[in-house]
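The structure under discussion appears below in the form of structure tokens.
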2 protein chains.
Amino acid sequence: MFRVERMVVPGGTEAIVRGGRDLFPLLPAALHGVERIGVLGWGPQGRAQALNLRDSLDGTGIIVAVGLRPGSRSVEDAREQGFSEADGTLGDWLEVAAGADLVILLIADAALAAHHEEIFAVLKPGATIGLSHGFLLGHLKELGSTFPAGHPVIAVCPKGMGDSVRRLYRQGATVNGAGINASIAVHADPDGYGWDRALAWSIALGSPYTFATTLAAEYHSDIVGERAILLGAVHGLVEALYRHFRIEGADPVTAYERSTEAITGPIARTISDDGLAAVRAATGDEELFDRAYSAAYSPARDLVAEIYDEVADGTELRSVILAEQRLANRPMTEIGGSPMWSHSPEVHARRQTPDRSTPNGDDAGAVRVDAMTAGLFVGTMMAQVDEFAARGHAWSEIVNESVIEAVDSLLPYMHARDVAYMVDNCSRTARLGTRRWGPRFQAAYEQIALPHLARPADQTLIKTFLDNPAHQALAAAAELRPSVDISV
Amino acid sequence: MFRVERMVVPGGTEAIVRGGRDLFPLLPAALHGVERIGVLGWGPQGRAQALNLRDSLDGTGIIVAVGLRPGSRSVEDAREQGFSEADGTLGDWLEVAAGADLVILLIADAALAAHHEEIFAVLKPGATIGLSHGFLLGHLKELGSTFPAGHPVIAVCPKGMGDSVRRLYRQGATVNGAGINASIAVHADPDGYGWDRALAWSIALGSPYTFATTLAAEYHSDIVGERAILLGAVHGLVEALYRHFRIEGADPVTAYERSTEAITGPIARTISDDGLAAVRAATGDEELFDRAYSAAYSPARDLVAEIYDEVADGTELRSVILAEQRLANRPMTEIGGSPMWSHSPEVHARRQTPDRSTPNGDDAGAVRVDAMTAGLFVGTMMAQVDEFAARGHAWSEIVNESVIEAVDSLLPYMHARDVAYMVDNCSRTARLGTRRWGPRFQAAYEQIALPHLARPADQTLIKTFLDNPAHQALAAAAELRPSVDISV
């Protein structure tokens, strides 16, 4: 139904489908009989997907309904957004699931773990089960269980937060193709329309381009990525750097700017605009960048490998389930109490002062790209890229989960709020994972990377970085994506 | 065979057996037909136990032989200690296992996981399997396997490092009863002599008193304890405190003394001599101690509960096995690189200077009991005590795994070397666990406890501390233990 293009990546090509609003008229046919879509859950992904799908399918006659748990506090916001009990587009999750031809499961992972059987039990015969990440597959595997037979099981996995999925979609009204890239997977395809439906769903969400994966590969890269460079490693790095700069004598605001602000601002922006190697040049001190890169790469690679092993083994998922049981009756503690975050308002306010503006008026450029911070950050990012490549992931998945999601979705959000706010307000699985692995990264920087900074750079490692196939894959992905305003 | 006494503990009594060299003549009879003991492994526990057993059984005709893996580098030291291939007291592990009536498995956990079936296959009919902690039980459970039928399975678990087990045993030559307490368990008892044999083994190791547990309870408290107050939490706490004091303006040596030195020296000594509540008084600032205690208790308790869940579930053990597979071909990184440890020689040297000596000449008293450090440390220790009590452990096990092992074995060793050295040189399972959980404790202190220090103390919590039944249990245990010189 949609035109498949070949994206040139290292070692060959990968099939992708470019999105765009011009394709919306094709959606009803591509959904092959789906007349009613039930979106279960109203977290950031549920909200964004329900709204994007409704907007994209407006006028087609296909209904998008939102299903919530009894007593859900989200009902007010869903009503405000125009979903209503009166017209049947808002209701109890099991009723909405029972009435839909495509049931998209966007409730929290713990809820999914606890209630998937009830949901499966009410599905219409042949209704399609839709996922936005592979958690449930991992959980079923752990239980020795499977998806119910006779139902197509497909996944559309936006490579960005729910907020970004909605925000960039709205920009897509004026910039054709703006949006968050997504991967798709077809896990069960009894009627043969799985790929068409998944592509239609992805295009309706506004994905600039869609690439194929498997539910297992998506699950691994998604869960590992958020525990590493997307959230956990960033948090660990800025906590380590802030204290490092403070002990070296920097005042709190300067220490904040040299750590967090440098990463969420100019480093993220430079990577987004010009790629990874451009950061090295932008620092003005390639020798220091190279030393920092060399110091961070190996301990970061060890940690990414450790996380990957535990995710693939099911250990990480068991830990999430155990934590949810333990936390059933009390709140999760927050990470925002460490001293750095009390200076966020001050740092953010300084962005507006005249002496910190840049010629292009871009506040992200006001803070210098600290060479040491940049080397540690990029070294960690490349450690994830290389580990994912070694584990056999497709290049689209590697660069989206390791680079694009970071610089176009999460880091801009962290720049607008702060890192701790982001962590304390993301999905519970991501939040638990960040609390679990962020401190490990912090310790690795404090105990290994920072003490090794004085050592000469590993020139072989730097050459491998500069020649890394990821640059080509990233450039290919960038060509498929219109330039968008990623400010939050 | 041995006189069982009742130790008064909160809520009742626990059966214990007091040790002592006067009981050595009873050992052959109590071992019920064991003529040859094979100790497999020459790590700190293997070395200490083989030497203590040989010394205690000297003249009885019972042979103690050491079995090593082919190519083991330990063969030189074992020979130097008088074990020899010529007289059959040193040999290949499988041969030694095949010839012994009691086979004590003290090889590394990963080796045990990989090779237990080979060892089980060569055992003599009815030979007793001896363990010094419950790791293998957890591993077999994970595999859905069991110990081989027809063999007694017993455990003697010294509540201290191998080095302490040997060192205090030697002191026992002049101080009757000096040694490291041990718990015993009988997991399979086909001939009905399991308890006698376990008591004999424990007394031969020099345990001042021996208490009963189960292999599962021992495993849980042992693995959780080393990840929490015994190693992981101490490491996390001193890393957090060192940076905290440095950022507040302290020079490196002062920051080291207020964190590490205070804990490994006077705080440990005070608890060992006078109990937990005595630390509060010794600080000279009970108000600050109480605030620090209150700030640390809750996040520490959360972490101990988390570790406990993961150990009981098998998740932690899966993580160890995965790490050993990943690390098969490369060394584990060390944690000694963080800046504090470069100041160990300077801090240790200062202990000898005249202005830091104390009236009793005890260098551990030279550093003040920092009230904040003490409150955070004792709050963490009590969090473990309370969590173990809530999980139903016997009081002997609780106070040995949470307090006595810390203040009489590990902290004195850390005082002599340093915390990072201790972690980088302990058993691989403990080392992996410390690297896994130490950073979590560090983050909890940095993100929650230290930022909450300014809050008023939780008076209910302090009252619960002062009235805690653990004080009574600790005092009862102390009465059973002669005063020994715990300097390393």
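FYI, nothing fancy with the structure tokens labels: chains A, B, ... in order, residues from 1 per chain, ligands from 1 as they appear.
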
Residues flagged alpha helix (DSSP H) by DSSP in stretch 44-127 of chain A, as JSON, numbers by chain: {"A": [44, 45, 46, 47, 48, 49, 50, 51, 52, 53, 54, 55, 56, 75, 76, 77, 78, 79, 80, 93, 94, 95, 96, 97, 98, 99, 109, 110, 111, 112, 113, 114, 115, 116, 117, 118, 119, 120, 121, 122]}

Please check the contacts: residues of chain A at most 8 Å away from chain B, using only C-alpha atoms, listed as a VMD selection string. chain A and resid 243 246 to 247 306 309 to 310 315 318 to 319 322 to 323 326 334 to 339 435 to 436 439 to 440 442 to 443 446 to 448 451

Atom CA of B:Ile107 to atom CA of B:Val234, distance in Å rounded to a single decimal: 26.2 Å

Report, in Å with one decimal, the straight-line distance from atom CA of A:Glu257 to atom CA of B:Leu241.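 Between atom CA of A:Glu257 and atom CA of B:Leu241 the gap works out to 23.5 Å.
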
Strand (DSSP E) per DSSP on the backbone: members of stretch 23-233 of chain A, as a PyMOL selection string: chain A and resi 36-40+63-68+90-92+102-105+128-131+153-158+182-188+209-212

Write the selection just made, keeping C-alpha atoms, as a short mmCIF file (atom, residue, chain, number, x, y, z; two decimals), in the first residue's frame?
data_model
loop_
_atom_site.label_atom_id
_atom_site.label_comp_id
_atom_site.auth_asym_id
_atom_site.auth_seq_id
_atom_site.Cartn_x
_atom_site.Cartn_y
_atom_site.Cartn_z
CA ARG A 36 -12.81 1.29 15.48
CA ILE A 37 -9.49 1.85 17.23
CA GLY A 38 -9.36 1.52 21.01
CA VAL A 39 -6.46 3.25 22.71
CA LEU A 40 -6.08 1.93 26.26
CA ILE A 63 -13.54 6.00 15.26
CA VAL A 64 -10.79 6.43 17.86
CA ALA A 65 -11.95 5.64 21.40
CA VAL A 66 -10.02 5.94 24.66
CA GLY A 67 -10.30 3.27 27.36
CA LEU A 68 -9.40 4.04 30.97
CA LEU A 90 -14.40 7.34 26.10
CA GLY A 91 -15.10 4.49 28.45
CA ASP A 92 -13.98 1.62 30.59
CA LEU A 102 -7.42 -2.50 16.69
CA VAL A 103 -6.67 -2.37 20.42
CA ILE A 104 -3.58 -0.32 21.23
CA LEU A 105 -2.19 -1.18 24.66
CA THR A 128 -5.55 -6.67 16.12
CA ILE A 129 -3.40 -6.26 19.26
CA GLY A 130 -1.27 -3.13 19.01
CA LEU A 131 1.79 -2.40 21.14
CA VAL A 153 -0.05 -8.68 16.92
CA ILE A 154 1.65 -5.57 15.59
CA ALA A 155 3.78 -2.83 17.08
CA VAL A 156 4.41 0.80 16.22
CA CYS A 157 7.12 2.25 18.41
CA PRO A 158 7.70 5.99 18.21
CA ALA A 182 8.90 4.98 14.49
CA SER A 183 9.83 1.34 14.13
CA ILE A 184 7.22 -1.26 13.31
CA ALA A 185 7.06 -4.96 13.93
CA VAL A 186 4.61 -7.68 13.00
CA HIS A 187 4.71 -10.43 15.57
CA ALA A 188 1.66 -12.42 14.43
CA TYR A 209 10.00 7.62 8.34
CA THR A 210 9.19 4.13 9.51
CA PHE A 211 11.59 1.22 9.66
CA ALA A 212 11.07 -2.46 10.36
#

Rounded to one decimal place, report the atom CA of B:Val407-atom CA of B:Leu51 distance in Å. 24.1 Å

Just checking: using only C-alpha atoms, which residue out of A:Ala110, A:Ser84, A:Met1, A:His32 ends up closest to A:Arg428?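 The shortest atom-to-atom distance to A:Arg428 comes from A:Ala110.
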
Quick one: everything within 12 Å of B:Asp370, counting only C-alpha atoms, minus sequence neighbours fewer than 2 positions away in the same chain. Send it as a VMD selection string. chain B and resid 241 245 254 to 267 279 to 286 288 to 289 292 365 to 368 372 to 378

File of the preceding selection, N, CA and C atoms, as a compact mmCIF listing (two decimals), in the first residue's frame:
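Printed below is result_23.txt as written:
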# COMPACT_ATOMS: atom_id res chain seq x y z
N LEU B 241 29.80 10.90 51.13
CA LEU B 241 30.22 11.84 52.17
C LEU B 241 31.52 12.55 51.80
N PHE B 245 31.74 16.55 51.82
CA PHE B 245 32.65 17.36 52.65
C PHE B 245 33.60 18.18 51.77
N THR B 254 40.91 15.70 55.45
CA THR B 254 39.81 15.91 56.41
C THR B 254 38.53 15.25 55.92
N ALA B 255 38.24 15.40 54.63
CA ALA B 255 37.03 14.78 54.08
C ALA B 255 37.09 13.26 54.24
N TYR B 256 38.26 12.71 54.03
CA TYR B 256 38.47 11.26 54.20
C TYR B 256 38.26 10.87 55.65
N GLU B 257 38.84 11.66 56.55
CA GLU B 257 38.72 11.31 57.97
C GLU B 257 37.28 11.41 58.46
N ARG B 258 36.56 12.43 57.99
CA ARG B 258 35.18 12.60 58.46
C ARG B 258 34.24 11.54 57.89
N SER B 259 34.65 10.89 56.80
CA SER B 259 33.78 9.88 56.19
C SER B 259 34.32 8.48 56.50
N THR B 260 35.27 8.01 55.71
CA THR B 260 35.78 6.65 55.86
C THR B 260 36.40 6.38 57.23
N GLU B 261 37.33 7.24 57.60
CA GLU B 261 38.10 6.99 58.81
C GLU B 261 37.19 6.95 60.05
N ALA B 262 36.20 7.84 60.08
CA ALA B 262 35.29 7.86 61.23
C ALA B 262 34.54 6.53 61.35
N ILE B 263 34.13 5.99 60.21
CA ILE B 263 33.33 4.75 60.24
C ILE B 263 34.20 3.55 60.56
N THR B 264 35.31 3.40 59.83
CA THR B 264 36.12 2.18 60.02
C THR B 264 36.87 2.20 61.34
N GLY B 265 37.07 3.39 61.89
CA GLY B 265 37.77 3.50 63.16
C GLY B 265 36.82 3.59 64.34
N PRO B 266 36.59 4.81 64.84
CA PRO B 266 35.89 4.95 66.12
C PRO B 266 34.44 4.47 66.11
N ILE B 267 33.73 4.63 65.00
CA ILE B 267 32.33 4.19 65.01
C ILE B 267 32.27 2.67 65.13
N VAL B 279 27.08 4.86 70.18
CA VAL B 279 27.62 5.75 69.15
C VAL B 279 26.97 7.11 69.23
N ARG B 280 25.65 7.09 69.45
CA ARG B 280 24.91 8.35 69.52
C ARG B 280 25.49 9.24 70.61
N ALA B 281 25.72 8.65 71.77
CA ALA B 281 26.28 9.43 72.88
C ALA B 281 27.70 9.90 72.56
N ALA B 282 28.46 9.04 71.89
CA ALA B 282 29.87 9.36 71.63
C ALA B 282 30.06 10.52 70.67
N THR B 283 29.03 10.83 69.88
CA THR B 283 29.19 11.90 68.90
C THR B 283 29.27 13.27 69.56
N GLY B 284 28.66 13.38 70.74
CA GLY B 284 28.62 14.70 71.37
C GLY B 284 27.60 15.63 70.74
N ASP B 285 26.85 15.15 69.77
CA ASP B 285 25.83 16.00 69.14
C ASP B 285 24.66 15.10 68.74
N GLU B 286 23.88 14.75 69.76
CA GLU B 286 22.80 13.80 69.51
C GLU B 286 21.75 14.37 68.57
N LEU B 288 22.19 16.30 65.94
CA LEU B 288 22.63 16.10 64.56
C LEU B 288 22.61 14.61 64.19
N PHE B 289 23.07 13.78 65.13
CA PHE B 289 23.00 12.33 64.91
C PHE B 289 21.57 11.91 64.57
N ALA B 292 20.51 12.98 61.09
CA ALA B 292 21.17 12.16 60.06
C ALA B 292 20.58 10.76 60.03
N GLY B 365 40.72 5.68 67.88
CA GLY B 365 40.04 6.74 68.61
C GLY B 365 40.51 8.12 68.23
N ALA B 366 41.52 8.18 67.38
CA ALA B 366 42.13 9.47 67.10
C ALA B 366 41.21 10.37 66.30
N VAL B 367 40.39 9.78 65.47
CA VAL B 367 39.45 10.56 64.68
C VAL B 367 38.15 10.64 65.46
N ARG B 368 37.58 11.82 65.44
CA ARG B 368 36.34 12.08 66.15
C ARG B 368 35.21 11.25 65.53
N MET B 372 27.26 13.44 62.03
CA MET B 372 26.47 13.27 60.81
C MET B 372 26.78 11.91 60.18
N THR B 373 28.06 11.62 60.04
CA THR B 373 28.48 10.33 59.48
C THR B 373 27.93 9.18 60.31
N ALA B 374 28.02 9.32 61.63
CA ALA B 374 27.55 8.26 62.52
C ALA B 374 26.05 8.05 62.37
N GLY B 375 25.29 9.12 62.29
CA GLY B 375 23.84 9.00 62.16
C GLY B 375 23.44 8.32 60.86
N LEU B 376 24.12 8.69 59.77
CA LEU B 376 23.82 8.07 58.48
C LEU B 376 24.18 6.59 58.50
N PHE B 377 25.34 6.29 59.10
CA PHE B 377 25.79 4.89 59.13
C PHE B 377 24.88 4.03 60.01
N VAL B 378 24.63 4.49 61.21
CA VAL B 378 23.81 3.69 62.13
C VAL B 378 22.36 3.59 61.62

As a list in words, please: the residues near stretch 4-14 of chain A (cut-off 6 Å, only C-alpha atoms, same-chain neighbours under 2 positions excluded).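 The neighbour list is Ile16, Val17, Pro469 and Ala473 of chain A.
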
Set the distance at 9 Å and use only C-alpha atoms: which residues neighbour B:Leu137 once local chain neighbours fewer than 2 positions away are removed? I'd like the list as an MDAnalysis selection string. chainID B and resid 133:135 139:142 146:147 215:216 219

7 Å contact set for stretch 417-421 of chain A, only C-alpha atoms, chain neighbours under 2 positions out, as number ranges by chain: A: 235, 335-336, 344, 413-415, 423-425

Selected residues, C-alpha atoms, written as an mmCIF file, in the first residue's frame, please.
data_model
loop_
_atom_site.group_PDB
_atom_site.id
_atom_site.type_symbol
_atom_site.label_atom_id
_atom_site.label_comp_id
_atom_site.auth_asym_id
_atom_site.auth_seq_id
_atom_site.Cartn_x
_atom_site.Cartn_y
_atom_site.Cartn_z
ATOM 1 C CA HIS A 235 21.700 11.431 34.664
ATOM 2 C CA ILE A 335 15.798 11.848 42.361
ATOM 3 C CA GLY A 336 15.341 15.595 42.119
ATOM 4 C CA SER A 344 17.753 24.944 37.560
ATOM 5 C CA TYR A 413 12.754 18.209 26.984
ATOM 6 C CA MET A 414 15.433 18.030 29.679
ATOM 7 C CA HIS A 415 16.688 21.414 28.521
ATOM 8 C CA VAL A 423 13.423 11.154 35.065
ATOM 9 C CA ASP A 424 10.860 11.670 37.804
ATOM 10 C CA ASN A 425 8.103 12.113 35.207
#
